Every structure is written in structure tokens, then in C-alpha cells.
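Asker: Sharing my_file_28.pdb here; it has PDB, C-alpha atoms, pLDDT in the B column.
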ATOM      1  CA  MET A   1      68.082 115.717  87.431  1.00 43.00           C
ATOM      2  CA  LEU A   2      71.641 114.364  87.398  1.00 42.00           C
ATOM      3  CA  ASP A   3      73.050 117.887  86.980  1.00 46.00           C
ATOM      4  CA  GLN A   4      71.159 118.984  90.079  1.00 47.00           C
ATOM      5  CA  ILE A   5      72.636 116.069  92.006  1.00 44.00           C
ATOM      6  CA  PHE A   6      76.219 116.744  90.966  1.00 44.00           C
ATOM      7  CA  ASN A   7      75.867 120.513  91.559  1.00 51.00           C
ATOM      8  CA  SER A   8      74.015 120.072  94.829  1.00 48.00           C
ATOM      9  CA  PRO A   9      74.660 122.698  97.540  1.00 48.00           C
ATOM     10  CA  PHE A  10      74.544 119.961 100.218  1.00 44.00           C
ATOM     11  CA  ASN A  11      77.738 119.002 101.986  1.00 51.00           C
ATOM     12  CA  ALA A  12      79.614 115.926 100.779  1.00 55.00           C
ATOM     13  CA  GLY A  13      78.192 113.556 103.405  1.00 61.00           C
ATOM     14  CA  ILE A  14      74.552 114.438 102.757  1.00 70.00           C
ATOM     15  CA  GLU A  15      75.091 114.435  98.994  1.00 67.00           C
ATOM     16  CA  THR A  16      76.675 110.971  99.150  1.00 67.00           C
ATOM     17  CA  LEU A  17      73.740 109.648 101.173  1.00 69.00           C
ATOM     18  CA  PHE A  18      71.315 111.250  98.715  1.00 69.00           C
ATOM     19  CA  ILE A  19      73.030 109.618  95.725  1.00 67.00           C
ATOM     20  CA  LEU A  20      73.059 106.255  97.525  1.00 65.00           C
ATOM     21  CA  VAL A  21      69.291 106.520  98.113  1.00 68.00           C
ATOM     22  CA  ILE A  22      68.795 107.255  94.402  1.00 68.00           C
ATOM     23  CA  LEU A  23      70.955 104.258  93.430  1.00 64.00           C
ATOM     24  CA  VAL A  24      68.987 101.956  95.739  1.00 65.00           C
ATOM     25  CA  PHE A  25      65.692 103.341  94.390  1.00 67.00           C
ATOM     26  CA  LEU A  26      66.797 102.773  90.790  1.00 64.00           C
ATOM     27  CA  GLU A  27      67.972  99.248  91.644  1.00 64.00           C
ATOM     28  CA  ALA A  28      64.633  98.456  93.282  1.00 64.00           C
ATOM     29  CA  VAL A  29      62.499  99.860  90.440  1.00 64.00           C
ATOM     30  CA  LEU A  30      64.600  98.384  87.655  1.00 63.00           C
ATOM     31  CA  SER A  31      64.711  95.044  89.510  1.00 71.00           C
ATOM     32  CA  ALA A  32      60.939  94.504  89.363  1.00 74.00           C
ATOM     33  CA  ASP A  33      61.058  92.913  85.915  1.00 76.00           C
ATOM     34  CA  ASN A  34      64.250  91.076  86.848  1.00 83.00           C
ATOM     35  CA  ALA A  35      62.590  89.683  89.982  1.00 86.00           C
ATOM     36  CA  ILE A  36      59.574  88.351  88.138  1.00 84.00           C
ATOM     37  CA  ALA A  37      61.785  86.698  85.513  1.00 86.00           C
ATOM     38  CA  LEU A  38      63.846  84.996  88.233  1.00 89.00           C
ATOM     39  CA  ALA A  39      60.659  83.961  90.058  1.00 88.00           C
ATOM     40  CA  ALA A  40      59.251  82.429  86.883  1.00 86.00           C
ATOM     41  CA  ILE A  41      62.531  80.593  86.248  1.00 88.00           C
ATOM     42  CA  SER A  42      62.657  79.194  89.786  1.00 89.00           C
ATOM     43  CA  GLN A  43      59.051  78.018  89.422  1.00 85.00           C
ATOM     44  CA  GLY A  44      60.421  75.454  86.994  1.00 86.00           C
ATOM     45  CA  LEU A  45      61.410  73.431  90.073  1.00 88.00           C
ATOM     46  CA  GLU A  46      58.861  71.153  91.694  1.00 83.00           C
ATOM     47  CA  ASN A  47      58.553  72.606  95.210  1.00 85.00           C
ATOM     48  CA  SER A  48      59.107  75.794  97.187  1.00 85.00           C
ATOM     49  CA  LYS A  49      62.146  74.485  99.047  1.00 88.00           C
ATOM     50  CA  LEU A  50      64.032  73.820  95.806  1.00 90.00           C
ATOM     51  CA  GLN A  51      62.876  77.175  94.448  1.00 90.00           C
ATOM     52  CA  ARG A  52      64.319  79.002  97.458  1.00 90.00           C
ATOM     53  CA  GLN A  53      67.590  77.067  97.181  1.00 91.00           C
ATOM     54  CA  ALA A  54      67.903  77.911  93.493  1.00 91.00           C
ATOM     55  CA  LEU A  55      67.239  81.612  94.160  1.00 90.00           C
ATOM     56  CA  ASN A  56      69.728  81.764  97.036  1.00 91.00           C
ATOM     57  CA  ILE A  57      72.548  80.023  95.169  1.00 93.00           C
ATOM     58  CA  GLY A  58      71.766  81.651  91.832  1.00 91.00           C
ATOM     59  CA  LEU A  59      71.672  85.155  93.287  1.00 90.00           C
ATOM     60  CA  LEU A  60      74.893  84.567  95.243  1.00 91.00           C
ATOM     61  CA  ILE A  61      76.623  83.758  91.957  1.00 92.00           C
ATOM     62  CA  ALA A  62      74.761  86.654  90.313  1.00 89.00           C
ATOM     63  CA  TYR A  63      76.061  88.994  93.029  1.00 89.00           C
ATOM     64  CA  ILE A  64      79.659  87.998  92.279  1.00 91.00           C
ATOM     65  CA  LEU A  65      79.089  88.465  88.547  1.00 89.00           C
ATOM     66  CA  ARG A  66      77.414  91.837  89.157  1.00 85.00           C
ATOM     67  CA  MET A  67      80.331  93.074  91.254  1.00 87.00           C
ATOM     68  CA  ALA A  68      82.741  91.967  88.528  1.00 88.00           C
ATOM     69  CA  LEU A  69      80.612  93.781  85.948  1.00 86.00           C
ATOM     70  CA  ILE A  70      80.693  97.023  87.958  1.00 81.00           C
ATOM     71  CA  LEU A  71      84.463  96.829  88.446  1.00 83.00           C
ATOM     72  CA  THR A  72      84.994  96.272  84.718  1.00 84.00           C
ATOM     73  CA  ALA A  73      82.149  98.534  83.557  1.00 77.00           C
ATOM     74  CA  THR A  74      84.481 101.036  81.875  1.00 71.00           C
ATOM     75  CA  TRP A  75      85.879  98.217  79.739  1.00 81.00           C
ATOM     76  CA  VAL A  76      82.567  96.417  79.165  1.00 79.00           C
ATOM     77  CA  THR A  77      80.746  99.546  77.946  1.00 74.00           C
ATOM     78  CA  LYS A  78      83.259  99.875  75.117  1.00 79.00           C
ATOM     79  CA  TYR A  79      81.961  96.696  73.513  1.00 83.00           C
ATOM     80  CA  TRP A  80      78.414  96.804  72.132  1.00 86.00           C
ATOM     81  CA  GLN A  81      78.537  93.020  71.664  1.00 89.00           C
ATOM     82  CA  PHE A  82      77.855  92.485  75.384  1.00 89.00           C
ATOM     83  CA  GLU A  83      74.614  94.452  75.177  1.00 90.00           C
ATOM     84  CA  VAL A  84      73.572  92.635  71.995  1.00 92.00           C
ATOM     85  CA  LEU A  85      74.140  89.243  73.638  1.00 93.00           C
ATOM     86  CA  GLY A  86      72.270  90.349  76.773  1.00 91.00           C
ATOM     87  CA  GLY A  87      69.371  91.743  74.759  1.00 92.00           C
ATOM     88  CA  LEU A  88      69.068  88.654  72.571  1.00 95.00           C
ATOM     89  CA  TYR A  89      69.166  86.407  75.642  1.00 93.00           C
ATOM     90  CA  LEU A  90      66.322  88.306  77.317  1.00 92.00           C
ATOM     91  CA  LEU A  91      64.264  88.253  74.123  1.00 93.00           C
ATOM     92  CA  TRP A  92      64.881  84.498  73.904  1.00 92.00           C
ATOM     93  CA  LEU A  93      63.453  84.142  77.430  1.00 90.00           C
ATOM     94  CA  VAL A  94      60.379  86.122  76.351  1.00 90.00           C
ATOM     95  CA  PHE A  95      59.944  84.010  73.207  1.00 91.00           C
ATOM     96  CA  GLN A  96      60.300  80.794  75.204  1.00 87.00           C
ATOM     97  CA  TYR A  97      57.733  81.987  77.744  1.00 87.00           C
ATOM     98  CA  PHE A  98      55.038  83.121  75.299  1.00 86.00           C
ATOM     99  CA  THR A  99      55.361  80.021  73.114  1.00 84.00           C
ATOM    100  CA  SER A 100      54.968  77.586  76.034  1.00 73.00           C
ATOM    101  CA  ASN A 101      51.384  76.721  77.008  1.00 65.00           C
ATOM    102  CA  ASP A 102      51.445  72.977  77.501  1.00 55.00           C
ATOM    103  CA  ASN A 103      50.067  72.912  81.041  1.00 52.00           C
ATOM    104  CA  GLU A 104      46.483  71.971  81.893  1.00 53.00           C
ATOM    105  CA  GLU A 105      45.269  75.580  82.085  1.00 53.00           C
ATOM    106  CA  HIS A 106      47.066  76.492  78.832  1.00 47.00           C
ATOM    107  CA  HIS A 107      48.982  79.207  80.664  1.00 64.00           C
ATOM    108  CA  HIS A 108      52.429  80.409  79.693  1.00 68.00           C
ATOM    109  CA  HIS A 109      55.279  79.291  81.926  1.00 67.00           C
ATOM    110  CA  GLY A 110      59.037  79.448  82.235  1.00 72.00           C
ATOM    111  CA  PRO A 111      61.496  76.577  81.665  1.00 78.00           C
ATOM    112  CA  LYS A 112      61.267  73.329  83.666  1.00 84.00           C
ATOM    113  CA  PHE A 113      64.274  71.908  85.538  1.00 88.00           C
ATOM    114  CA  PRO A 114      65.030  68.421  86.914  1.00 87.00           C
ATOM    115  CA  SER A 115      67.249  69.810  89.707  1.00 89.00           C
ATOM    116  CA  VAL A 116      68.423  72.983  91.465  1.00 91.00           C
ATOM    117  CA  TRP A 117      71.751  72.965  89.644  1.00 91.00           C
ATOM    118  CA  HIS A 118      70.027  73.143  86.287  1.00 91.00           C
ATOM    119  CA  ALA A 119      68.156  76.283  87.361  1.00 91.00           C
ATOM    120  CA  VAL A 120      71.060  78.097  89.074  1.00 92.00           C
ATOM    121  CA  PRO A 121      73.056  79.008  85.908  1.00 91.00           C
ATOM    122  CA  MET A 122      69.961  80.452  84.209  1.00 91.00           C
ATOM    123  CA  ILE A 123      69.116  82.535  87.292  1.00 92.00           C
ATOM    124  CA  ALA A 124      72.680  83.877  87.489  1.00 91.00           C
ATOM    125  CA  PHE A 125      72.984  84.726  83.790  1.00 90.00           C
ATOM    126  CA  THR A 126      69.509  86.262  83.634  1.00 90.00           C
ATOM    127  CA  ASP A 127      70.466  88.662  86.425  1.00 89.00           C
ATOM    128  CA  LEU A 128      73.736  89.409  84.613  1.00 88.00           C
ATOM    129  CA  ALA A 129      71.819  90.306  81.437  1.00 88.00           C
ATOM    130  CA  PHE A 130      69.607  92.687  83.413  1.00 86.00           C
ATOM    131  CA  SER A 131      72.668  94.136  85.114  1.00 83.00           C
ATOM    132  CA  LEU A 132      74.007  95.323  81.755  1.00 84.00           C
ATOM    133  CA  ASP A 133      71.114  97.784  81.811  1.00 77.00           C
ATOM    134  CA  SER A 134      70.956  98.705  85.512  1.00 73.00           C
ATOM    135  CA  VAL A 135      74.735  99.089  85.975  1.00 73.00           C
ATOM    136  CA  THR A 136      74.925 101.530  83.066  1.00 69.00           C
ATOM    137  CA  THR A 137      72.179 103.584  84.707  1.00 65.00           C
ATOM    138  CA  ALA A 138      73.917 103.453  88.093  1.00 63.00           C
ATOM    139  CA  ILE A 139      77.227 104.620  86.627  1.00 64.00           C
ATOM    140  CA  ALA A 140      75.420 107.570  85.025  1.00 61.00           C
ATOM    141  CA  VAL A 141      74.263 108.623  88.497  1.00 60.00           C
ATOM    142  CA  SER A 142      77.615 108.297  90.251  1.00 58.00           C
ATOM    143  CA  LYS A 143      81.205 107.787  89.151  1.00 63.00           C
ATOM    144  CA  GLU A 144      82.127 106.616  92.655  1.00 69.00           C
ATOM    145  CA  THR A 145      82.668 102.850  92.331  1.00 71.00           C
ATOM    146  CA  TRP A 146      82.127 102.140  96.021  1.00 72.00           C
ATOM    147  CA  LEU A 147      78.737 103.885  95.896  1.00 71.00           C
ATOM    148  CA  VAL A 148      77.648 101.835  92.893  1.00 73.00           C
ATOM    149  CA  LEU A 149      78.868  98.649  94.613  1.00 78.00           C
ATOM    150  CA  THR A 150      76.935  99.533  97.774  1.00 77.00           C
ATOM    151  CA  GLY A 151      73.789 100.289  95.803  1.00 74.00           C
ATOM    152  CA  ALA A 152      74.135  97.008  93.891  1.00 77.00           C
ATOM    153  CA  THR A 153      74.600  95.063  97.139  1.00 82.00           C
ATOM    154  CA  ILE A 154      71.416  96.491  98.616  1.00 79.00           C
ATOM    155  CA  GLY A 155      69.748  95.947  95.249  1.00 78.00           C
ATOM    156  CA  ILE A 156      70.564  92.220  95.110  1.00 83.00           C
ATOM    157  CA  ILE A 157      69.141  91.766  98.627  1.00 84.00           C
ATOM    158  CA  THR A 158      65.992  93.601  97.538  1.00 81.00           C
ATOM    159  CA  LEU A 159      65.879  91.439  94.426  1.00 84.00           C
ATOM    160  CA  ARG A 160      65.925  88.239  96.483  1.00 84.00           C
ATOM    161  CA  PHE A 161      63.062  89.505  98.633  1.00 84.00           C
ATOM    162  CA  MET A 162      61.035  90.619  95.619  1.00 84.00           C
ATOM    163  CA  ALA A 163      61.608  87.352  93.735  1.00 87.00           C
ATOM    164  CA  GLY A 164      60.336  85.416  96.760  1.00 85.00           C
ATOM    165  CA  LEU A 165      57.154  87.495  96.759  1.00 85.00           C
ATOM    166  CA  PHE A 166      56.654  87.132  93.027  1.00 87.00           C
ATOM    167  CA  ILE A 167      56.837  83.327  93.250  1.00 86.00           C
ATOM    168  CA  ARG A 168      53.668  83.480  95.347  1.00 86.00           C
ATOM    169  CA  TRP A 169      52.036  86.301  93.384  1.00 89.00           C
ATOM    170  CA  LEU A 170      52.501  84.537  90.043  1.00 86.00           C
ATOM    171  CA  ASP A 171      50.010  81.930  91.250  1.00 84.00           C
ATOM    172  CA  GLU A 172      47.602  84.541  92.591  1.00 89.00           C
ATOM    173  CA  PHE A 173      47.332  87.012  89.694  1.00 89.00           C
ATOM    174  CA  ALA A 174      46.321  85.967  86.197  1.00 85.00           C
ATOM    175  CA  HIS A 175      48.183  88.618  84.176  1.00 87.00           C
ATOM    176  CA  LEU A 176      51.291  89.077  86.330  1.00 87.00           C
ATOM    177  CA  GLY A 177      53.506  86.599  84.474  1.00 86.00           C
ATOM    178  CA  ASP A 178      52.628  88.121  81.104  1.00 88.00           C
ATOM    179  CA  ALA A 179      53.167  91.651  82.419  1.00 88.00           C
ATOM    180  CA  GLY A 180      56.554  90.697  83.824  1.00 86.00           C
ATOM    181  CA  TYR A 181      57.739  89.147  80.599  1.00 88.00           C
ATOM    182  CA  PHE A 182      56.549  92.144  78.586  1.00 91.00           C
ATOM    183  CA  THR A 183      58.910  94.237  80.714  1.00 88.00           C
ATOM    184  CA  VAL A 184      61.687  91.675  80.178  1.00 88.00           C
ATOM    185  CA  GLY A 185      61.150  92.138  76.444  1.00 91.00           C
ATOM    186  CA  ILE A 186      61.330  95.912  76.844  1.00 90.00           C
ATOM    187  CA  VAL A 187      64.693  95.620  78.616  1.00 88.00           C
ATOM    188  CA  GLY A 188      65.936  93.278  75.877  1.00 91.00           C
ATOM    189  CA  VAL A 189      64.922  95.732  73.138  1.00 92.00           C
ATOM    190  CA  ARG A 190      66.419  98.588  75.170  1.00 90.00           C
ATOM    191  CA  LEU A 191      69.797  96.816  75.285  1.00 90.00           C
ATOM    192  CA  LEU A 192      69.733  96.238  71.518  1.00 93.00           C
ATOM    193  CA  VAL A 193      68.795  99.871  70.850  1.00 92.00           C
ATOM    194  CA  ARG A 194      71.565 101.077  73.152  1.00 88.00           C
ATOM    195  CA  ALA A 195      74.073  98.928  71.288  1.00 88.00           C
ATOM    196  CA  TYR A 196      72.911 100.468  68.003  1.00 88.00           C
ATOM    197  CA  ASN A 197      72.603 104.083  69.125  1.00 88.00           C
ATOM    198  CA  PRO A 198      72.529 105.175  72.812  1.00 84.00           C
ATOM    199  CA  ASP A 199      70.919 108.488  71.836  1.00 85.00           C
ATOM    200  CA  LEU A 200      67.712 106.632  70.924  1.00 88.00           C
ATOM    201  CA  ILE A 201      67.194 105.434  74.506  1.00 85.00           C
ATOM    202  CA  PRO A 202      64.236 107.271  76.124  1.00 85.00           C
ATOM    203  CA  PRO A 203      64.612 108.932  79.569  1.00 83.00           C
ATOM    204  CA  GLU A 204      64.535 106.745  82.690  1.00 75.00           C
ATOM    205  CA  TRP A 205      61.180 108.134  83.798  1.00 80.00           C
ATOM    206  CA  VAL A 206      59.609 106.731  80.619  1.00 85.00           C
ATOM    207  CA  MET A 207      60.974 103.266  81.401  1.00 81.00           C
ATOM    208  CA  ILE A 208      59.790 103.452  85.008  1.00 79.00           C
ATOM    209  CA  SER A 209      56.325 104.669  83.949  1.00 86.00           C
ATOM    210  CA  VAL A 210      55.894 101.830  81.427  1.00 87.00           C
ATOM    211  CA  ILE A 211      56.980  99.230  84.007  1.00 84.00           C
ATOM    212  CA  ALA A 212      54.544 100.708  86.553  1.00 85.00           C
ATOM    213  CA  LEU A 213      51.628 100.579  84.089  1.00 91.00           C
ATOM    214  CA  LEU A 214      52.396  96.986  83.116  1.00 89.00           C
ATOM    215  CA  PHE A 215      52.495  95.895  86.735  1.00 87.00           C
ATOM    216  CA  VAL A 216      49.219  97.690  87.482  1.00 90.00           C
ATOM    217  CA  TRP A 217      47.715  95.536  84.720  1.00 92.00           C
ATOM    218  CA  GLY A 218      49.551  92.481  86.066  1.00 89.00           C
ATOM    219  CA  PHE A 219      47.919  92.859  89.486  1.00 90.00           C
ATOM    220  CA  SER A 220      44.494  93.742  88.068  1.00 88.00           C
ATOM    221  CA  LYS A 221      42.974  90.233  88.059  1.00 87.00           C
ATOM    222  CA  ARG A 222      43.244  87.325  90.465  1.00 87.00           C
ATOM    223  CA  THR A 223      43.367  83.787  89.147  1.00 79.00           C
ATOM    224  CA  ALA A 224      40.177  81.738  89.009  1.00 66.00           C
ATOM    225  CA  ILE A 225      41.590  79.298  91.572  1.00 54.00           C
ATOM    226  CA  ASP A 226      42.341  82.135  93.955  1.00 48.00           C
ATOM    227  CA  GLU A 227      38.854  83.588  93.488  1.00 47.00           C
ATOM    228  CA  THR A 228      37.301  80.172  94.128  1.00 46.00           C
ATOM    229  CA  GLU A 229      39.309  79.725  97.320  1.00 48.00           C
ATOM    230  CA  THR A 230      38.196  83.179  98.458  1.00 46.00           C
ATOM    231  CA  GLU A 231      34.540  82.316  97.801  1.00 46.00           C
ATOM    232  CA  ILE A 232      34.869  79.026  99.714  1.00 43.00           C
ATOM    233  CA  ALA A 233      36.471  80.806 102.656  1.00 43.00           C
ATOM    234  CA  THR A 234      33.701  83.409 102.635  1.00 44.00           C
ATOM    235  CA  THR A 235      31.004  80.702 102.526  1.00 46.00           C
ATOM    236  CA  GLU A 236      32.594  78.817 105.427  1.00 49.00           C
ATOM    237  CA  ALA A 237      32.773  82.002 107.452  1.00 44.00           C
ATOM    238  CA  GLU A 238      29.086  82.711 106.755  1.00 47.00           C
ATOM    239  CA  LYS A 239      28.141  79.164 107.822  1.00 46.00           C
ATOM    240  CA  GLN A 240      30.052  79.518 111.088  1.00 48.00           C
ATOM    241  CA  GLU A 241      28.382  82.853 111.717  1.00 44.00           C
ATOM    242  CA  THR A 242      24.942  81.282 111.079  1.00 44.00           C
ATOM    243  CA  PHE A 243      25.531  78.404 113.536  1.00 42.00           C
ATOM    244  CA  ARG A 244      26.485  80.877 116.224  1.00 47.00           C
TER     245      ARG A 244
END
How does the structure come out when it is put into C-alpha cells?
Answerer:
Amino acid sequence: MLDQIFNSPFNAGIETLFILVILVFLEAVLSADNAIALAAISQGLENSKLQRQALNIGLLIAYILRMALILTATWVTKYWQFEVLGGLYLLWLVFQYFTSNDNEEHHHHGPKFPSVWHAVPMIAFTDLAFSLDSVTTAIAVSKETWLVLTGATIGIITLRFMAGLFIRWLDEFAHLGDAGYFTVGIVGVRLLVRAYNPDLIPPEWVMISVIALLFVWGFSKRTAIDETETEIATTEAEKQETFR
């Protein structure tokens, strides 16, 4: 696919736009697991206002770190230690999530924070760990730094929007948190495998297909609370209809 892009018969302007669309698409798809991890982290704060503040500040810092990563990508990719650290960090998040079930419903959950400023560093560094994977993919698509920077800028905006949605969806769908963290684990393993031998990394379409299947499962069942609220709303509507 990449060869077809680089050898495209389109003129330079159309080809540039086409590559930018691909970069934005890759950022959006590969940000799904990132978004759910950030949403779960921000849920460690007590109310939605603090969660939004943590996401806004954390992603602003993450954006600066991501731009720095892109500008130094040629240097960073020479050192496998960065990918090992990023992979181990993501796997630590997964371990922490699946070993925590101390709430009343015995559900897994992310870390808890006493204030916004305790959550912000974790949000920023989690995005940076994910960026080690997505930036490498973006650079494979285009060697033009400004294109990668533009795609990453649009991607971080998309990420903020998606994380906001996932905060709400995590409470609505029973398996979504688990599905999201399974994909976080996959990215962590992927980074470790790349550090060991990049040739062992499967094609991007495999990664995208696995993420899609996990999220189909994640959205397959609503929580019991949500189902109860739906039943109550239906009953109330039926009562009102009867009185009419």
C-alpha cells in the first residue's frame, strides 16, 4: 500500500492531501485504545469537571511531548530502550487495571487520584508511550515532517474528543474497559517485540482488525445499571401513555 502511495500518479497537491488523510485515519484508529486508557485514568478523579480539566491539561502537555518525539524521531528510533520502557509502562497499566477490583461491584478500574495534578502526569506519559507506536507508523507513511506534525495535531484533537466519549461509555458498557485494556496490552507487547526484532511485527491491518474486534466485544453488553434505568424509563413512558 505504501509503495502505491509513494508512486502515485496524482499530482503533488492531491498526493499530499491523500497522505494527510491516511495519517489522520491511522491516528484516529490507533488512538482508540489510547483514548480508553486516558478515559479510565481520568475516571480516577471524583467528578466530571476535574476529569475534563485533567484531560485538557494532560493532553496539552502530551501534545508538546508528541511534537518533540516527532522532531527527534530519527534519533529516538535508534534506541530500542525507549520502546522497552514504553512497552513495560503500558503493561504495568494493564496489570494495575486487571488486579484492581476493590469497588462495590468488584469491577476493574484505573488508578485513583486526590487531585487533577496527580492525574495529569500519568495522562501525558501514557499518551507518550502510545506515541512511540503511532509515530513510527506515521513516519513509515510519510518522510515529510510537517505532514506528520499536522496529522499528529489533528490526531490529538480527535483523541481528546474520543476520550471524552469513552468516559461516558465506560459507565454504560460492561466489557468496554476490559476490551480497552486488552488493546493497551497488545500495544505494550508490540513495542517490546519491535525493540527485539521489528521484522516480527505483523502488518497494520492485523492490528486494526484485532482492535476492531475487541471494541465490538466491548460494546456488546450494557451495564446492569444502564439496563435498569432503561427499563424504568420504558415503564414510566408506558404509564404516561396509559393515563392519556
Asker: Atom CA of A:His118 and atom CA of A:Lys49, how far apart in Å?
Answerer: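 Straight-line distance from atom CA of A:Lys49 to atom CA of A:His118 works out to 15.1 Å.
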Asker: Written as a short mmCIF file (atom, residue, chain, number, x, y, z; two decimals) with C-alpha atoms, keeping the file's coordinate frame, which residues does the PyMOL selection byres ((chain A and resi 61-63) around 10) give for the file shown?
Answerer:
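Resulting contents of expr_29.cif:
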data_model
loop_
_atom_site.label_atom_id
_atom_site.label_comp_id
_atom_site.auth_asym_id
_atom_site.auth_seq_id
_atom_site.Cartn_x
_atom_site.Cartn_y
_atom_site.Cartn_z
CA LEU A 55 67.24 81.61 94.16
CA ASN A 56 69.73 81.76 97.04
CA ILE A 57 72.55 80.02 95.17
CA GLY A 58 71.77 81.65 91.83
CA LEU A 59 71.67 85.16 93.29
CA LEU A 60 74.89 84.57 95.24
CA ILE A 64 79.66 88.00 92.28
CA LEU A 65 79.09 88.46 88.55
CA ARG A 66 77.41 91.84 89.16
CA MET A 67 80.33 93.07 91.25
CA ALA A 68 82.74 91.97 88.53
CA LEU A 69 80.61 93.78 85.95
CA VAL A 120 71.06 78.10 89.07
CA PRO A 121 73.06 79.01 85.91
CA MET A 122 69.96 80.45 84.21
CA ILE A 123 69.12 82.54 87.29
CA ALA A 124 72.68 83.88 87.49
CA PHE A 125 72.98 84.73 83.79
CA THR A 126 69.51 86.26 83.63
CA ASP A 127 70.47 88.66 86.42
CA LEU A 128 73.74 89.41 84.61
CA SER A 131 72.67 94.14 85.11
CA ALA A 152 74.14 97.01 93.89
CA THR A 153 74.60 95.06 97.14
CA GLY A 155 69.75 95.95 95.25
CA ILE A 156 70.56 92.22 95.11
CA ILE A 157 69.14 91.77 98.63
#
Asker: Point out the residue among A:Pro114, A:Gly177, A:Pro203, A:Gly188 with the least atom-to-atom distance to A:Gln51, counting all atoms listed in the file.
Answerer: A:Pro114
Asker: State, in Å with one decimal place, the distance from atom CA of A:Asp178 to atom CA of A:Gly218.
Answerer: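 Rounded to one decimal, the two atoms are 7.3 Å apart.
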Asker: Using the chain letters and numbers from the file, give me the residues hit by the PyMOL selection byres ((chain A and resi 194) around 12), as a list in words.
Answerer: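 Selection result, ordered by chain and number: Thr77, Lys78, Tyr79, Trp80, Gln81, Phe82, Glu83, Val84, Gly86, Gly87, Leu132, Asp133, Thr136, Thr137, Val187, Gly188, Val189, Arg190, Leu191, Leu192, Val193, Ala195, Tyr196, Asn197, Pro198, Asp199, Leu200, Ile201 and Pro202 of chain A.
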Asker: Just write the chosen residues, C-alpha atoms, as a PDB file, in the frame of the given file.
Answerer:
ATOM      1  CA  THR A  77      80.746  99.546  77.946  1.00 74.00           C
ATOM      2  CA  LYS A  78      83.259  99.875  75.117  1.00 79.00           C
ATOM      3  CA  TYR A  79      81.961  96.696  73.513  1.00 83.00           C
ATOM      4  CA  TRP A  80      78.414  96.804  72.132  1.00 86.00           C
ATOM      5  CA  GLN A  81      78.537  93.020  71.664  1.00 89.00           C
ATOM      6  CA  PHE A  82      77.855  92.485  75.384  1.00 89.00           C
ATOM      7  CA  GLU A  83      74.614  94.452  75.177  1.00 90.00           C
ATOM      8  CA  VAL A  84      73.572  92.635  71.995  1.00 92.00           C
ATOM      9  CA  GLY A  86      72.270  90.349  76.773  1.00 91.00           C
ATOM     10  CA  GLY A  87      69.371  91.743  74.759  1.00 92.00           C
ATOM     11  CA  LEU A 132      74.007  95.323  81.755  1.00 84.00           C
ATOM     12  CA  ASP A 133      71.114  97.784  81.811  1.00 77.00           C
ATOM     13  CA  THR A 136      74.925 101.530  83.066  1.00 69.00           C
ATOM     14  CA  THR A 137      72.179 103.584  84.707  1.00 65.00           C
ATOM     15  CA  VAL A 187      64.693  95.620  78.616  1.00 88.00           C
ATOM     16  CA  GLY A 188      65.936  93.278  75.877  1.00 91.00           C
ATOM     17  CA  VAL A 189      64.922  95.732  73.138  1.00 92.00           C
ATOM     18  CA  ARG A 190      66.419  98.588  75.170  1.00 90.00           C
ATOM     19  CA  LEU A 191      69.797  96.816  75.285  1.00 90.00           C
ATOM     20  CA  LEU A 192      69.733  96.238  71.518  1.00 93.00           C
ATOM     21  CA  VAL A 193      68.795  99.871  70.850  1.00 92.00           C
ATOM     22  CA  ALA A 195      74.073  98.928  71.288  1.00 88.00           C
ATOM     23  CA  TYR A 196      72.911 100.468  68.003  1.00 88.00           C
ATOM     24  CA  ASN A 197      72.603 104.083  69.125  1.00 88.00           C
ATOM     25  CA  PRO A 198      72.529 105.175  72.812  1.00 84.00           C
ATOM     26  CA  ASP A 199      70.919 108.488  71.836  1.00 85.00           C
ATOM     27  CA  LEU A 200      67.712 106.632  70.924  1.00 88.00           C
ATOM     28  CA  ILE A 201      67.194 105.434  74.506  1.00 85.00           C
ATOM     29  CA  PRO A 202      64.236 107.271  76.124  1.00 85.00           C
TER      30      PRO A 202
END
Asker: Could you please determine the separation between atom CA of A:Gln43 and atom CA of A:Met207 in Å, to one decimal place?
Answerer: 26.6 Å
Asker: A:Arg160, A:His175, A:Arg168, A:Lys221: which is nearest A:Asn47, counting only C-alpha atoms?
Answerer: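 For A:Asn47, the nearest of the given residues is A:Arg168.
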Asker: Write out as a list in words the residues lying within 9 Å of A:Ser115, counting all atoms listed in the file and excluding same-chain residues fewer than 2 positions away.
Answerer: Leu45, Glu46, Leu50, Ala54, Phe113, Trp117, His118 and Ala119 of chain A
Asker: Which of these, A:Ile36, A:Val135, A:Val94, A:Leu159, has the shortest distance to A:Val76 once you count all atoms listed in the file?
Answerer: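 Among the listed residues, A:Val135 lies closest to A:Val76.
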Asker: Taking all atoms listed in the file into account, name the residue in A:Ser134, A:Gly180, A:Thr72, A:Thr99 that is nearest to A:Gly151.
Answerer: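 Closest candidate: A:Ser134.
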Asker: Could you give me, as a PyMOL selection string, the residues that sit within 12 Å of (60.9, 86.3, 75.2) in the file's coordinates, counting all atoms listed in the file?
Answerer: chain A and resi 37+87-100+108-111+177-189
Asker: Using only C-alpha atoms, pick whichever of A:Ser31, A:Ser48, A:Ser209, A:Thr223 has the shortest atom-to-atom distance to A:Ile154.
Answerer: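 When distances to A:Ile154 are compared using only C-alpha atoms, the smallest one comes from A:Ser31.
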